[in-house]
Amino acid sequence: MSSIPVRKKNAEKEPALKVATLDRLRLAARELFVELGYHETRPQDVARLAGVANGTFYLHFADKQQAFLDFAEQAQNELLEVMSDRLQEISGSRERWRVTCGAVVDFGAEHPGLLQAAFLDPVFIAPRDDNAWGMYDRLGHLVSVTVRNNRSTDSAGDQQDEFDFELISHGLCGLLRHAMIYASRRDLNREKMIEDLSMFIDRGLGNR
């Protein structure tokens with residue numbers, strides 16, 4: 001009789017232990033992908049850093065590629081949350097772009113190497129994986145919504161249908177990404193960089 005409650009108690013612990021193990025693997029994968037890059041990171045290194053057996057890695061991820069896409073998605077979620085929080089109750093096209101650029105800049109400064117590791121590689125690492133392209137398109141779509149809203153608010157009439165918003169949005173994502181790399185290498189002034197980028201984007205979209 002006493003064995004039944006014990007089994008039930010152990011069973012209740014299993015989901016929590018699984019989540020805790022996944023968290024440790026994610027933290028380890030993040031550290032190694034940022035420090036070493038995708039190609040130099042091995043599943044056994046992730047498991048070792050997480051303090052689990054090699055086989056445990058494969059209980060959570062099919063392979064290194066899946067672990068990387070999970071890492072990239074987690075990083076993207078963090079950035080989008082920061083952007084969303086900062087943009088609440090912000091109005092005006094120039095100010096919204098200033099806040100957006102500032103969020104990207106600050107996120108990159110607070111997490112050195114994370115933007116480069118998580119946002120440059122997914123579609124190159126897994127060009128045939130729909131999830132990788134989904135993450136790539138997700139940021140572009142978010143910027144597209146911002147662009148469309150700004151054009152609707154700040155421009156008149158049928159001008160808001162002038163652009164292919166998804167195309168422009170992906171171009172802006174590339175601009176911000178490469179600008180961040182350049183600014184980091186050149187140690188540019190944060191405020192000047194944000195002002196230059198937000199002004200350029202805003203004017204390029206037809207606002208003054």
# chains A, B, ... in the order shown; residues from 1 in each chain; ligands from 1
>>> select_by_dssp(residues="segment 23-121 of chain A", states="alpha helix (DSSP H)", output="MDAnalysis selection string")
chainID A and resid 23:36 43:50 54:60 64:87 93:110 114:119
>>> residues_around(residues="segment 175-189 of chain A", least_positions_apart="6", cutoff="12 Å", atoms="only C-alpha atoms", output="count of residues only")
33
>>> closest_residue(among="A:Ile194, A:Ala53, A:Tyr38, A:Gln74", to="Arg26 of chain A", atoms="only C-alpha atoms")
A:Gln74
>>> atom_distance(atom1="atom CA of Val82 of chain A", atom2="atom CA of His111 of chain A")
12.7 Å
>>> residues_around(residues="Ser84 of chain A", least_positions_apart="4", cutoff="12 Å", atoms="only C-alpha atoms", output="PyMOL selection string")
chain A and resi 77-80+88-90+96+99-100+103-104+142-143+146
>>> write_last_selection(atoms="C-alpha atoms", output="PDB file, in the first residue's frame")
ATOM      1  CA  ASN A  77      11.429  36.468 -27.464  1.00  0.00           C
ATOM      2  CA  GLU A  78      13.538  38.445 -25.006  1.00  0.00           C
ATOM      3  CA  LEU A  79      14.225  41.228 -27.509  1.00  0.00           C
ATOM      4  CA  LEU A  80      10.602  41.476 -28.630  1.00  0.00           C
ATOM      5  CA  GLN A  88       3.774  51.101 -24.865  1.00  0.00           C
ATOM      6  CA  GLU A  89       2.100  54.509 -24.964  1.00  0.00           C
ATOM      7  CA  ILE A  90       4.790  55.897 -27.292  1.00  0.00           C
ATOM      8  CA  ARG A  96       8.767  55.203 -31.972  1.00  0.00           C
ATOM      9  CA  VAL A  99      12.664  53.884 -28.887  1.00  0.00           C
ATOM     10  CA  THR A 100      12.901  50.846 -31.181  1.00  0.00           C
ATOM     11  CA  ALA A 103      15.849  48.939 -27.394  1.00  0.00           C
ATOM     12  CA  VAL A 104      17.964  47.051 -29.922  1.00  0.00           C
ATOM     13  CA  LEU A 142       6.760  43.181 -36.319  1.00  0.00           C
ATOM     14  CA  VAL A 143       8.617  46.042 -37.981  1.00  0.00           C
ATOM     15  CA  THR A 146       5.155  49.495 -36.860  1.00  0.00           C
TER      16      THR A 146
END
>>> atom_distance(atom1="atom CA of Asp137 of chain A", atom2="atom CA of Leu205 of chain A")
20.3 Å
>>> closest_residue(among="A:Leu87, A:Glu166, A:Ala28, A:Phe33", to="Phe57 of chain A", atoms="only C-alpha atoms")
A:Ala28
>>> atom_distance(atom1="atom CA of Leu167 of chain A", atom2="atom CA of Glu191 of chain A")
27.5 Å
